[in-house]
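Trainee: Pasting a structure here, questions to come.
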Amino acid sequence: MKGGDIFVDDQDEFADHQVRYSYPPDVIARAAASADWLQAALRTDAEPFRSHFRSWLGKIS
């Protein structure tokens, strides 16, 4: 992401919950794939992260 670092917060908590709540393997895999997709989208300025977010920010500011 331009101007900032990308990191996935609370990975340790997710790992703990995988064990504590017996997450099925497909749920874990989908969560990891979603995190990977989101990070790639942010790094490449893919929409909606390139410009579309501005219209939403305008609604809350």
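Here's how to read the names in the structure tokens: chain A, B, ... by the order shown, residue numbers from 1 in each chain, ligand numbers from 1 in the order shown.
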When you look at Ala31 of chain A with a cut-off of 10 Å (counting only C-alpha atoms), what residues show up, excluding the ones that are within fewer than 6 positions of it in the same chain? I need them as a list in words.

Mentor: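 Once the nearby chain positions are removed, what remains is Phe14, Pro25 and Trp37 of chain A.
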
Trainee: Kindly save the residues from that selection, with all heavy atoms included, as a short mmCIF file (atom, residue, chain, number, x, y, z; two decimals), in the first residue's frame.

Mentor:
```
data_model
loop_
_atom_site.label_atom_id
_atom_site.label_comp_id
_atom_site.auth_asym_id
_atom_site.auth_seq_id
_atom_site.Cartn_x
_atom_site.Cartn_y
_atom_site.Cartn_z
N PHE A 14 -6.34 -15.36 16.20
CA PHE A 14 -6.98 -16.28 15.26
C PHE A 14 -6.41 -17.69 15.42
O PHE A 14 -7.15 -18.67 15.42
CB PHE A 14 -6.81 -15.79 13.82
CG PHE A 14 -7.51 -16.65 12.81
CD1 PHE A 14 -8.89 -16.74 12.78
CD2 PHE A 14 -6.79 -17.39 11.88
CE1 PHE A 14 -9.54 -17.54 11.85
CE2 PHE A 14 -7.43 -18.19 10.95
CZ PHE A 14 -8.81 -18.27 10.94
N PRO A 25 -10.85 -26.99 8.82
CA PRO A 25 -9.75 -26.60 7.91
C PRO A 25 -10.19 -25.66 6.78
O PRO A 25 -9.44 -24.77 6.40
CB PRO A 25 -9.24 -27.93 7.36
CG PRO A 25 -9.61 -28.93 8.40
CD PRO A 25 -10.91 -28.43 8.99
N TRP A 37 -5.73 -12.17 -0.42
CA TRP A 37 -6.36 -11.41 -1.49
C TRP A 37 -6.43 -9.93 -1.13
O TRP A 37 -6.09 -9.06 -1.95
CB TRP A 37 -7.79 -11.93 -1.75
CG TRP A 37 -8.51 -11.04 -2.72
CD1 TRP A 37 -8.46 -11.10 -4.08
CD2 TRP A 37 -9.36 -9.94 -2.38
NE1 TRP A 37 -9.23 -10.09 -4.61
CE2 TRP A 37 -9.80 -9.37 -3.59
CE3 TRP A 37 -9.80 -9.39 -1.20
CZ2 TRP A 37 -10.64 -8.27 -3.64
CZ3 TRP A 37 -10.64 -8.28 -1.24
CH2 TRP A 37 -11.06 -7.74 -2.45
#
```

Trainee: Considering only alpha helix (DSSP H) as DSSP defines it on the backbone, what residues of chain A qualify? List them as an MDAnalysis selection string.

Mentor: chainID A and resid 11:20 25:43 53:60

Trainee: Could you check how far atom CA of Asp36 of chain A sits from atom CA of Pro48 of chain A, in Å to one decimal?

Mentor: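 A separation of 16.0 Å between them.
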
Trainee: Find the residue from A:Ala29, A:Ala41, A:Trp56, A:Ser34 that sits nearest to Ile6 of chain A; use only C-alpha atoms when measuring.

Mentor: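 The shortest atom-to-atom distance to Ile6 of chain A comes from A:Ala41.
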
Trainee: Please report the interatomic distance between atom CA of Gln39 of chain A and atom CA of His52 of chain A in Å with one decimal.

Mentor: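 For atom CA of Gln39 of chain A relative to atom CA of His52 of chain A, the distance reads 16.9 Å.
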